[in-house]
>>> print(open('target.txt').read())   # compact mmCIF, C-alpha atoms
# COMPACT_ATOMS: atom_id res chain seq x y z
CA MET A 1 -27.15 -80.01 26.99
CA HIS A 2 -24.51 -80.83 29.59
CA GLN A 3 -24.02 -78.15 32.19
CA ALA A 4 -22.36 -77.87 35.58
CA VAL A 5 -23.80 -75.63 38.32
CA ASN A 6 -23.76 -75.56 42.10
CA VAL A 7 -27.49 -75.93 42.75
CA VAL A 8 -30.41 -77.07 40.60
CA ILE A 9 -33.90 -76.11 41.77
CA VAL A 10 -36.64 -78.27 40.26
CA GLY A 11 -39.87 -76.31 40.13
CA ALA A 12 -40.44 -72.60 39.52
CA GLY A 13 -43.48 -72.09 41.70
CA ILE A 14 -43.36 -69.76 44.67
CA ASN A 15 -41.21 -72.15 46.74
CA GLY A 16 -38.68 -72.65 43.97
CA LEU A 17 -38.44 -68.93 43.18
CA CYS A 18 -38.12 -67.90 46.84
CA THR A 19 -35.41 -70.53 47.32
CA ALA A 20 -33.54 -69.17 44.30
CA TRP A 21 -33.91 -65.60 45.60
CA GLN A 22 -32.48 -66.56 48.97
CA LEU A 23 -29.68 -68.61 47.38
CA ALA A 24 -28.66 -65.84 44.98
CA GLN A 25 -27.72 -63.76 48.01
CA GLU A 26 -25.18 -66.47 48.93
CA PHE A 27 -23.91 -67.62 45.52
CA ASP A 28 -23.24 -66.00 42.19
CA GLY A 29 -26.44 -66.23 40.17
CA ALA A 30 -24.70 -68.29 37.49
CA ASP A 31 -24.23 -71.06 40.08
CA ILE A 32 -28.01 -71.60 40.30
CA LEU A 33 -30.37 -73.06 37.72
CA VAL A 34 -34.16 -73.24 38.07
CA ILE A 35 -35.89 -75.78 35.84
CA ASP A 36 -39.64 -76.25 35.48
CA ARG A 37 -41.61 -78.66 33.35
CA PHE A 38 -44.05 -75.93 32.31
CA PRO A 39 -43.52 -72.35 31.12
CA SER A 40 -43.90 -69.34 33.39
CA GLY A 41 -47.49 -68.53 34.33
CA HIS A 42 -48.85 -72.06 33.95
CA SER A 43 -51.85 -73.25 35.97
CA ARG A 44 -50.86 -76.88 36.53
CA GLY A 45 -49.53 -76.45 40.06
CA SER A 46 -50.16 -74.40 43.19
CA SER A 47 -48.75 -70.91 42.56
CA HIS A 48 -50.97 -69.36 39.88
CA GLY A 49 -53.70 -66.81 40.48
CA GLU A 50 -53.73 -63.12 41.27
CA GLU A 51 -53.95 -63.12 45.06
CA ARG A 52 -53.52 -65.15 48.25
CA ILE A 53 -54.59 -64.55 51.82
CA THR A 54 -52.00 -64.00 54.54
CA ARG A 55 -52.77 -64.27 58.24
CA SER A 56 -51.20 -65.10 61.58
CA SER A 57 -54.04 -67.13 63.10
CA TYR A 58 -53.50 -70.89 63.19
CA GLU A 59 -54.34 -73.82 65.44
CA SER A 60 -50.71 -74.14 66.56
CA ALA A 61 -48.50 -71.49 68.19
CA HIS A 62 -45.62 -72.85 66.08
CA TRP A 63 -47.41 -71.88 62.87
CA VAL A 64 -48.39 -68.51 64.34
CA ALA A 65 -44.76 -67.75 65.22
CA ALA A 66 -43.62 -68.78 61.74
CA MET A 67 -46.14 -66.46 60.13
CA LEU A 68 -45.24 -63.56 62.39
CA ARG A 69 -41.60 -63.82 61.33
CA ALA A 70 -42.51 -64.16 57.65
CA GLN A 71 -44.71 -61.07 57.86
CA ALA A 72 -42.36 -58.95 59.95
CA GLU A 73 -39.04 -59.79 58.27
CA LEU A 74 -39.13 -61.84 55.09
CA TRP A 75 -41.99 -60.41 53.06
CA PRO A 76 -40.66 -56.87 53.72
CA ALA A 77 -37.19 -58.06 52.62
CA LEU A 78 -38.65 -59.44 49.40
CA GLU A 79 -40.61 -56.24 48.79
CA GLU A 80 -37.43 -54.23 49.27
CA ALA A 81 -35.55 -56.49 46.87
CA VAL A 82 -38.11 -56.21 44.05
CA GLY A 83 -39.00 -52.58 44.76
CA VAL A 84 -42.80 -52.87 44.96
CA PRO A 85 -45.34 -53.62 47.71
CA LEU A 86 -46.62 -57.20 47.55
CA VAL A 87 -48.70 -57.48 50.74
CA HIS A 88 -51.80 -55.31 51.02
CA PRO A 89 -52.85 -55.21 54.70
CA GLY A 90 -56.39 -55.67 55.92
CA PRO A 91 -57.99 -57.48 58.88
CA ALA A 92 -59.15 -61.08 58.80
CA VAL A 93 -62.00 -62.50 60.86
CA PHE A 94 -62.25 -66.05 62.19
CA TRP A 95 -65.40 -67.59 63.61
CA GLY A 96 -67.21 -70.88 64.09
CA PRO A 97 -68.77 -73.02 66.81
CA GLU A 98 -66.87 -73.43 70.07
CA SER A 99 -66.97 -77.20 69.47
CA GLY A 100 -64.66 -76.71 66.49
CA PRO A 101 -61.04 -75.56 66.27
CA LEU A 102 -61.72 -71.88 67.10
CA PRO A 103 -60.68 -72.22 70.78
CA ALA A 104 -57.35 -73.73 69.70
CA TYR A 105 -56.81 -70.78 67.34
CA ALA A 106 -57.56 -68.32 70.15
CA GLU A 107 -55.10 -70.05 72.47
CA ALA A 108 -52.35 -70.32 69.83
CA VAL A 109 -52.39 -66.62 68.96
CA ARG A 110 -52.42 -65.77 72.68
CA VAL A 111 -49.38 -67.94 73.38
CA ALA A 112 -47.48 -66.60 70.36
CA GLY A 113 -48.31 -62.98 71.15
CA ALA A 114 -50.05 -62.21 67.87
CA ARG A 115 -52.09 -59.03 67.55
CA VAL A 116 -55.46 -60.78 67.37
CA GLU A 117 -58.49 -59.14 68.94
CA GLU A 118 -61.43 -61.09 70.37
CA LEU A 119 -64.94 -59.65 69.94
CA ASP A 120 -68.33 -60.88 71.01
CA VAL A 121 -70.73 -61.46 68.14
CA ALA A 122 -72.71 -58.23 68.65
CA ASP A 123 -69.54 -56.13 68.51
CA ALA A 124 -68.31 -58.07 65.47
CA ARG A 125 -71.56 -57.44 63.63
CA GLY A 126 -71.34 -53.77 64.52
CA ARG A 127 -67.80 -53.51 63.14
CA PHE A 128 -68.51 -55.66 60.06
CA PRO A 129 -72.23 -55.01 59.41
CA HIS A 130 -72.27 -56.95 56.14
CA MET A 131 -71.39 -60.20 57.98
CA ALA A 132 -73.81 -62.33 60.04
CA PHE A 133 -71.40 -64.59 61.99
CA PRO A 134 -73.92 -67.37 62.58
CA ASP A 135 -72.99 -70.30 64.86
CA ALA A 136 -70.44 -68.07 66.66
CA GLU A 137 -70.06 -67.03 70.29
CA ARG A 138 -66.98 -64.89 69.55
CA VAL A 139 -65.01 -63.62 66.59
CA LEU A 140 -61.24 -63.31 66.28
CA VAL A 141 -59.93 -60.29 64.36
CA ASP A 142 -56.42 -60.88 63.03
CA HIS A 143 -54.60 -57.57 62.53
CA HIS A 144 -51.59 -59.23 60.88
CA ALA A 145 -53.64 -60.29 57.86
CA GLY A 146 -53.78 -59.05 54.29
CA VAL A 147 -53.87 -59.96 50.63
CA ILE A 148 -50.71 -60.99 48.80
CA ALA A 149 -50.43 -59.88 45.19
CA ALA A 150 -49.46 -63.41 44.20
CA ALA A 151 -49.13 -63.09 40.44
CA GLN A 152 -47.17 -59.87 40.85
CA ALA A 153 -44.89 -61.57 43.38
CA MET A 154 -44.17 -64.35 40.88
CA ARG A 155 -43.45 -61.88 38.07
CA ASN A 156 -41.24 -59.70 40.25
CA LEU A 157 -39.29 -62.66 41.58
CA GLU A 158 -38.67 -63.90 38.03
CA ALA A 159 -37.48 -60.45 36.98
CA TRP A 160 -35.21 -60.17 40.04
CA LEU A 161 -33.66 -63.57 39.34
CA ASP A 162 -33.16 -62.68 35.67
CA GLY A 163 -31.42 -59.47 36.71
CA HIS A 164 -29.09 -61.35 39.07
CA GLY A 165 -27.97 -63.97 36.57
CA VAL A 166 -30.08 -66.89 37.79
CA ARG A 167 -31.05 -68.99 34.79
CA ARG A 168 -34.58 -70.33 34.43
CA VAL A 169 -35.30 -72.98 31.81
CA VAL A 170 -38.25 -75.11 30.74
CA GLY A 171 -37.50 -78.81 30.85
CA ASP A 172 -38.76 -82.10 32.20
CA VAL A 173 -36.53 -83.68 34.85
CA VAL A 174 -36.56 -87.44 34.39
CA THR A 175 -34.17 -88.77 37.05
CA LEU A 176 -31.86 -87.66 39.84
CA GLU A 177 -28.76 -89.80 40.30
CA GLU A 178 -26.63 -89.02 43.33
CA ASP A 179 -23.07 -90.19 43.91
CA ALA A 180 -20.28 -89.17 46.26
CA GLY A 181 -19.31 -86.19 44.12
CA GLY A 182 -22.70 -84.68 43.39
CA VAL A 183 -25.97 -85.23 41.53
CA THR A 184 -26.61 -85.96 37.86
CA VAL A 185 -29.93 -84.46 36.74
CA ARG A 186 -31.22 -86.07 33.56
CA THR A 187 -33.80 -84.04 31.64
CA ASP A 188 -35.65 -84.41 28.37
CA THR A 189 -33.09 -82.08 26.74
CA GLY A 190 -29.82 -83.25 28.28
CA THR A 191 -27.87 -83.70 31.50
CA LEU A 192 -27.01 -81.37 34.36
CA ARG A 193 -24.31 -81.94 36.94
CA CYS A 194 -24.52 -80.16 40.29
CA ALA A 195 -23.52 -80.30 43.93
CA ALA A 196 -27.08 -80.19 45.28
CA VAL A 197 -30.70 -80.41 44.10
CA ILE A 198 -33.76 -78.87 45.72
CA VAL A 199 -37.03 -80.39 44.53
CA CYS A 200 -39.97 -77.96 44.71
CA ALA A 201 -42.21 -79.86 42.30
CA GLY A 202 -45.55 -79.45 44.09
CA PRO A 203 -48.05 -82.16 43.11
CA PHE A 204 -45.45 -83.77 40.84
CA VAL A 205 -42.94 -84.47 43.64
CA ALA A 206 -43.68 -88.20 43.87
CA ARG A 207 -43.08 -88.59 40.14
CA LEU A 208 -39.49 -87.48 40.67
CA VAL A 209 -38.92 -88.82 44.20
CA PRO A 210 -40.98 -92.04 44.45
CA SER A 211 -40.22 -92.52 48.16
CA PHE A 212 -42.53 -89.54 48.82
CA ALA A 213 -45.51 -91.15 47.07
CA SER A 214 -46.84 -92.53 50.36
CA ARG A 215 -46.19 -89.28 52.24
CA VAL A 216 -47.83 -86.62 50.11
CA ARG A 217 -51.30 -86.54 48.64
CA PRO A 218 -52.03 -84.19 45.73
CA ALA A 219 -55.56 -82.87 46.03
CA ARG A 220 -57.21 -80.61 43.47
CA GLN A 221 -59.05 -77.66 44.99
CA SER A 222 -61.83 -75.65 43.36
CA VAL A 223 -61.97 -71.89 43.88
CA GLY A 224 -64.76 -69.51 42.90
CA PHE A 225 -65.01 -65.77 42.31
CA TRP A 226 -68.29 -63.94 42.94
CA GLU A 227 -69.41 -60.40 42.26
CA MET A 228 -69.65 -58.70 45.64
CA ASP A 229 -69.23 -55.32 47.30
CA ALA A 230 -65.73 -56.19 48.52
CA GLU A 231 -62.51 -54.20 48.68
CA VAL A 232 -59.11 -54.93 50.20
CA GLY A 233 -58.66 -53.02 53.45
CA ARG A 234 -62.40 -52.41 53.87
CA THR A 235 -63.76 -55.94 53.52
CA PRO A 236 -61.98 -58.40 55.80
CA GLU A 237 -60.47 -61.65 54.70
CA TRP A 238 -62.38 -64.36 56.52
CA VAL A 239 -62.15 -67.95 57.70
CA HIS A 240 -65.08 -70.02 58.97
CA LEU A 241 -64.02 -72.97 61.14
CA GLY A 242 -67.00 -75.31 60.98
CA ALA A 243 -67.89 -78.97 61.22
CA ASP A 244 -67.90 -79.24 57.43
CA GLY A 245 -64.35 -77.92 57.05
CA LEU A 246 -62.55 -74.62 56.76
CA HIS A 247 -64.14 -72.12 54.38
CA TYR A 248 -62.20 -69.00 53.49
CA GLY A 249 -62.47 -65.93 51.33
CA LEU A 250 -60.77 -62.67 50.48
CA PRO A 251 -61.57 -59.57 48.46
CA THR A 252 -59.66 -59.55 45.20
CA LEU A 253 -57.23 -56.82 44.29
CA ARG A 254 -59.36 -55.75 41.33
CA GLY A 255 -62.24 -54.86 43.71
CA GLY A 256 -65.90 -55.81 43.55
CA VAL A 257 -65.14 -59.54 43.63
CA MET A 258 -64.87 -62.10 46.46
CA LYS A 259 -62.63 -65.15 46.06
CA ALA A 260 -63.85 -68.06 48.18
CA ALA A 261 -63.44 -71.80 48.59
CA CYS A 262 -63.62 -74.70 50.99
CA HIS A 263 -60.21 -75.84 52.23
CA ALA A 264 -61.04 -79.46 51.47
CA LYS A 265 -59.29 -82.41 53.08
CA PRO A 266 -58.47 -84.98 50.39
CA LEU A 267 -60.27 -88.31 50.41
CA GLY A 268 -58.07 -89.74 47.70
CA VAL A 269 -55.19 -88.77 45.45
CA ASP A 270 -55.76 -86.62 42.38
CA ASP A 271 -53.56 -87.27 39.36
CA PRO A 272 -51.79 -84.00 38.47
CA GLU A 273 -51.13 -85.32 34.98
CA VAL A 274 -54.85 -85.11 34.23
CA GLU A 275 -56.39 -81.67 33.77
CA VAL A 276 -59.87 -81.49 35.32
CA ALA A 277 -62.43 -78.68 35.32
CA PRO A 278 -63.41 -77.05 38.63
CA ASP A 279 -65.97 -78.90 40.74
CA LEU A 280 -69.06 -76.76 40.20
CA ALA A 281 -71.11 -78.71 42.74
CA ALA A 282 -68.57 -77.86 45.43
CA LEU A 283 -68.63 -74.21 44.41
CA THR A 284 -72.43 -74.19 44.58
CA GLN A 285 -72.12 -75.24 48.21
CA VAL A 286 -69.61 -72.45 48.84
CA GLU A 287 -72.01 -69.98 47.26
CA ALA A 288 -74.77 -71.12 49.61
CA ARG A 289 -72.53 -70.42 52.59
CA LEU A 290 -71.71 -66.96 51.24
CA ALA A 291 -75.43 -66.24 50.98
CA GLU A 292 -75.84 -67.29 54.63
CA TRP A 293 -72.91 -65.28 55.94
CA PHE A 294 -73.02 -62.02 53.94
CA THR A 295 -75.53 -59.24 53.35
CA PRO A 296 -76.19 -58.52 50.59
CA ARG A 297 -75.71 -62.03 49.27
CA PRO A 298 -73.14 -62.55 46.51
CA GLY A 299 -73.93 -61.83 42.89
CA ARG A 300 -73.12 -64.12 39.99
CA ARG A 301 -70.09 -66.34 39.97
CA ILE A 302 -67.80 -64.90 37.30
CA GLN A 303 -64.90 -67.34 37.42
CA ALA A 304 -63.93 -70.80 38.63
CA ASP A 305 -60.41 -72.14 38.94
CA THR A 306 -58.44 -75.08 40.29
CA CYS A 307 -55.14 -75.42 42.09
CA PHE A 308 -53.36 -78.20 43.93
CA TYR A 309 -52.65 -78.85 47.54
CA THR A 310 -49.95 -81.44 48.13
CA ASN A 311 -50.94 -82.51 51.60
CA ALA A 312 -48.71 -84.18 54.13
CA PRO A 313 -49.99 -85.54 57.46
CA ASP A 314 -51.40 -82.76 59.67
CA ASP A 315 -50.80 -80.27 56.83
CA ALA A 316 -47.11 -80.30 57.79
CA PHE A 317 -44.38 -78.95 55.57
CA LEU A 318 -41.76 -81.47 54.49
CA LEU A 319 -38.20 -80.24 53.99
CA GLU A 320 -36.32 -83.51 53.97
CA GLU A 321 -33.59 -85.46 52.26
CA PRO A 322 -35.05 -88.62 50.69
CA PRO A 323 -33.76 -91.90 52.12
CA GLY A 324 -30.26 -92.63 50.86
CA HIS A 325 -29.62 -89.03 49.76
CA THR A 326 -27.52 -86.27 51.28
CA ARG A 327 -27.46 -83.90 48.29
CA VAL A 328 -31.16 -83.85 47.44
CA LEU A 329 -33.75 -81.92 49.45
CA VAL A 330 -37.50 -82.25 48.91
CA VAL A 331 -39.53 -79.14 49.71
CA SER A 332 -43.18 -80.10 49.90
CA ALA A 333 -45.05 -77.15 51.41
CA CYS A 334 -48.30 -77.00 49.51
CA SER A 335 -51.03 -77.87 52.01
CA GLY A 336 -52.84 -74.62 51.33
CA HIS A 337 -50.30 -72.56 53.26
CA ALA A 338 -47.31 -72.47 50.92
CA PHE A 339 -47.57 -69.02 49.38
CA LYS A 340 -47.74 -66.97 52.56
CA LEU A 341 -44.79 -68.84 54.08
CA ALA A 342 -42.67 -69.21 50.93
CA PRO A 343 -39.96 -66.67 51.86
CA LEU A 344 -39.42 -68.58 55.11
CA THR A 345 -39.44 -71.97 53.39
CA GLY A 346 -37.03 -70.65 50.77
CA GLU A 347 -34.70 -69.41 53.49
CA ALA A 348 -34.58 -72.87 55.10
CA ALA A 349 -33.97 -74.63 51.77
CA ALA A 350 -31.25 -72.13 50.83
CA ARG A 351 -29.47 -72.66 54.15
CA TRP A 352 -29.49 -76.42 53.51
CA ALA A 353 -27.98 -75.86 50.06
CA VAL A 354 -25.24 -73.55 51.36
CA LYS A 355 -24.28 -76.12 53.97
CA THR A 356 -24.41 -79.00 51.46
CA VAL A 357 -22.37 -77.27 48.78
CA GLY A 358 -19.87 -76.09 51.37
>>> encode(input="target.txt", output="C-alpha cells")
Amino acid sequence: MHQAVNVVIVGAGINGLCTAWQLAQEFDGADILVIDRFPSGHSRGSSHGEERITRSSYESAHWVAAMLRAQAELWPALEEAVGVPLVHPGPAVFWGPESGPLPAYAEAVRVAGARVEELDVADARGRFPHMAFPDAERVLVDHHAGVIAAAQAMRNLEAWLDGHGVRRVVGDVVTLEEDAGGVTVRTDTGTLRCAAVIVCAGPFVARLVPSFASRVRPARQSVGFWEMDAEVGRTPEWVHLGADGLHYGLPTLRGGVMKAACHAKPLGVDDPEVEVAPDLAALTQVEARLAEWFTPRPGRRIQADTCFYTNAPDDAFLLEEPPGHTRVLVVSACSGHAFKLAPLTGEAAARWAVKTVG
C-alpha cells in the first residue's frame, strides 16, 4: 500500500487510542491512521485486562495535580464522547511504615489540594474492618480513587474512532524515515507518507526508535486474581508502601475477586518479543501479603496474567522528539501509570501533532 495522511499513530494501546481521539477533534478522521503490530485485544503490551486503578495520591505534587485534572476534566470528557461511564468511584487506602514514602505522599496531596483524608490506624480499622493495616501509624484515604473499566474503555474508544472515520490497521512498522517534507513510514505491507508520526509502541518502542533503547526498560509484571469478598465502592482499592516495594490491589468489576500485584522495579530488561508465563513465585509472595493484610484471608487464585511496564528513570513519562527528528514524537508512558493518565497524555501528544502539521 502507499497512502498519504496527516498523522500516523504507531500503537493502538490506550495511549495511541486516546491520542487519536484527541486528534480527531482537530482533524478530519481520514487524516489520521492508527497502526498496530497486533490485532485489537492482544495481550502483548500494557493495555489489556478488564480494569485499572485510578487515584490521586502520589509521591509528587506534580503527579497529583496531573491526576486531579485527568479525573475532573478528561475522563468525564471521554465518557461523554463514548456515552457510557468508564470510571467507577470508590475510596483507596494507602499505608506503610513512616520510614517509607508514605510521608511524601501525605505532603504531596496536601500541597496539591487533593481530597485525601488522614486517619489513625484505629479509625481506619473501624472504617475498613476487613483490613489490618500492620506496620502503619496512619492511613491515607483517597476520595478521588476508583476502578477504570479498562477493556470497556478500549472497546468504546475503538468504536468512537471507527464512527469518526479514523482508520485502524494491523501492520508491522519497520522504519521511520524523516525528511524536510514529512515522514515515510515503511511497514510489512507497504509505505505510508505523512506529516507527523506519534510512536506509542509501549515495550516495543526501542525496536522502532533505537535511540530510546538506553532510556526505557521494558519490565514484565505478574498480576494475580484471588477469590475474595470484594466489591467496587464497598471494598477500597489499596496501596501498601513498604520496604519491599509498592503492593496494590483493587476489587474487580465482576465482584468477588481481588486483583493484586507488586509494582516491581525492574532489575534487567525483559524482551517483549518473548512470551513468558506469569511469575508464580512472585504471586505466591503477593498472596502471603494478602493473607497478612485482609480478614478473611483470600481464597484460591483463579487467574494469573502478565503485562509490561516500560520504565523510564524515576517512572517519568517521556513525550519527546528523538534526536535529529522534528516530525516524530515518542510517547513512552507505561511505568505502571499510563492507563489512568492516558487522556492527558493523548491531549499533549495531539497538541504536538497539531502544531507540527500546522
>>> residues_around(input="target.txt", residues="range 155-166 of chain A", least_positions_apart="5", cutoff="8 Å", atoms="all atoms listed in the file", output="count of residues only")
14
>>> closest_residue(input="target.txt", among="A:Arg215, A:Phe308, A:Ala124, A:Glu178", to="Ser47 in chain A", atoms="all atoms listed in the file")
A:Phe308
>>> residues_near_point(input="target.txt", point="(-55.2, -71.0, 68.4)", cutoff="7 Å", atoms="only C-alpha atoms", output="list of chain:residue names")
A:Ser57, A:Tyr58, A:Glu59, A:Ser60, A:Ala61, A:Leu102, A:Pro103, A:Ala104, A:Tyr105, A:Ala106, A:Glu107, A:Ala108, A:Val109
>>> residues_around(input="target.txt", residues="Glu177 in chain A", least_positions_apart="6", cutoff="12 Å", atoms="all atoms listed in the file", output="PyMOL selection string")
chain A and resi 183-187+191-197+208-209+324-328
>>> atom_distance(input="target.txt", atom1="CA of Thr19 in chain A", atom2="CA of Ala350 in chain A")
5.7 Å
>>> residues_around(input="target.txt", residues="Leu253 in chain A", least_positions_apart="2", cutoff="9 Å", atoms="all atoms listed in the file", output="PyMOL selection string")
chain A and resi 50-51+88+147-149+231-232+251+255-257
>>> atom_distance(input="target.txt", atom1="CA of Gly96 in chain A", atom2="CA of Ala243 in chain A")
8.6 Å
>>> atom_distance(input="target.txt", atom1="CA of Glu237 in chain A", atom2="CA of Leu318 in chain A")
27.3 Å
>>> closest_residue(input="target.txt", among="A:Cys200, A:Ala291, A:Ala136, A:Ala77", to="Ile35 in chain A", atoms="all atoms listed in the file")
A:Cys200
>>> residues_near_point(input="target.txt", point="(-37.8, -74.6, 32.8)", cutoff="7 Å", atoms="all atoms listed in the file", output="JSON, numbers by chain")
{"A": [34, 35, 36, 37, 38, 39, 168, 169, 170, 171]}
>>> closest_residue(input="target.txt", among="A:Thr345, A:Ser222, A:Thr189, A:Ser43", to="Asp305 in chain A", atoms="all atoms listed in the file")
A:Ser222
>>> closest_residue(input="target.txt", among="A:Ser56, A:Thr306, A:Thr295, A:Gln152", to="Val223 in chain A", atoms="all atoms listed in the file")
A:Thr306
>>> closest_residue(input="target.txt", among="A:Pro101, A:Leu140, A:Pro89, A:Asp279", to="Ala114 in chain A", atoms="only C-alpha atoms")
A:Leu140
>>> closest_residue(input="target.txt", among="A:Ala230, A:Val111, A:Ala145, A:Leu246", to="Trp95 in chain A", atoms="only C-alpha atoms")
A:Leu246
>>> residues_around(input="target.txt", residues="Ala342 in chain A", least_positions_apart="2", cutoff="9 Å", atoms="all atoms listed in the file", output="ChimeraX atom specification")
/A:14-19,70,333,337-340,344-347
>>> build_atoms(input="target.txt", residues="range 243-263 of chain A", atoms="N, CA and C atoms", output="CSV table (one decimal), in the frame of the given file")
chain,number,residue,atom,x,y,z
A,243,ALA,N,-67.9,-77.5,61.2
A,243,ALA,CA,-67.9,-79.0,61.2
A,243,ALA,C,-67.7,-79.5,59.8
A,244,ASP,N,-68.0,-78.8,58.8
A,244,ASP,CA,-67.9,-79.2,57.4
A,244,ASP,C,-66.6,-78.7,56.8
A,245,GLY,N,-65.6,-78.3,57.6
A,245,GLY,CA,-64.4,-77.9,57.0
A,245,GLY,C,-64.1,-76.4,57.2
A,246,LEU,N,-63.0,-76.0,56.7
A,246,LEU,CA,-62.6,-74.6,56.8
A,246,LEU,C,-62.9,-73.9,55.4
A,247,HIS,N,-63.8,-73.0,55.5
A,247,HIS,CA,-64.1,-72.1,54.4
A,247,HIS,C,-63.4,-70.8,54.5
A,248,TYR,N,-63.0,-70.3,53.4
A,248,TYR,CA,-62.2,-69.0,53.5
A,248,TYR,C,-62.5,-68.1,52.3
A,249,GLY,N,-62.3,-66.8,52.4
A,249,GLY,CA,-62.5,-65.9,51.3
A,249,GLY,C,-61.7,-64.7,51.5
A,250,LEU,N,-61.5,-63.9,50.4
A,250,LEU,CA,-60.8,-62.7,50.5
A,250,LEU,C,-61.2,-61.8,49.3
A,251,PRO,N,-61.3,-60.5,49.6
A,251,PRO,CA,-61.6,-59.6,48.5
A,251,PRO,C,-60.4,-59.6,47.5
A,252,THR,N,-60.7,-59.5,46.2
A,252,THR,CA,-59.7,-59.6,45.2
A,252,THR,C,-59.1,-58.1,45.0
A,253,LEU,N,-57.9,-58.1,44.5
A,253,LEU,CA,-57.2,-56.8,44.3
A,253,LEU,C,-57.9,-55.9,43.3
A,254,ARG,N,-58.7,-56.5,42.4
A,254,ARG,CA,-59.4,-55.8,41.3
A,254,ARG,C,-60.6,-55.0,41.9
A,255,GLY,N,-61.1,-55.5,43.1
A,255,GLY,CA,-62.2,-54.9,43.7
A,255,GLY,C,-63.5,-55.4,43.1
A,256,GLY,N,-64.6,-55.4,44.0
A,256,GLY,CA,-65.9,-55.8,43.6
A,256,GLY,C,-66.1,-57.3,43.4
A,257,VAL,N,-65.1,-58.1,43.8
A,257,VAL,CA,-65.1,-59.5,43.6
A,257,VAL,C,-64.6,-60.2,44.9
A,258,MET,N,-65.3,-61.3,45.3
A,258,MET,CA,-64.9,-62.1,46.5
A,258,MET,C,-64.4,-63.5,45.9
A,259,LYS,N,-63.2,-63.8,46.3
A,259,LYS,CA,-62.6,-65.2,46.1
A,259,LYS,C,-62.9,-66.0,47.3
A,260,ALA,N,-63.5,-67.2,47.1
A,260,ALA,CA,-63.8,-68.1,48.2
A,260,ALA,C,-63.8,-69.5,47.8
A,261,ALA,N,-63.6,-70.4,48.8
A,261,ALA,CA,-63.4,-71.8,48.6
A,261,ALA,C,-63.6,-72.5,49.9
A,262,CYS,N,-63.7,-73.8,49.8
A,262,CYS,CA,-63.6,-74.7,51.0
A,262,CYS,C,-62.3,-75.4,51.0
A,263,HIS,N,-61.5,-75.2,52.1
A,263,HIS,CA,-60.2,-75.8,52.2
A,263,HIS,C,-60.5,-77.3,52.5
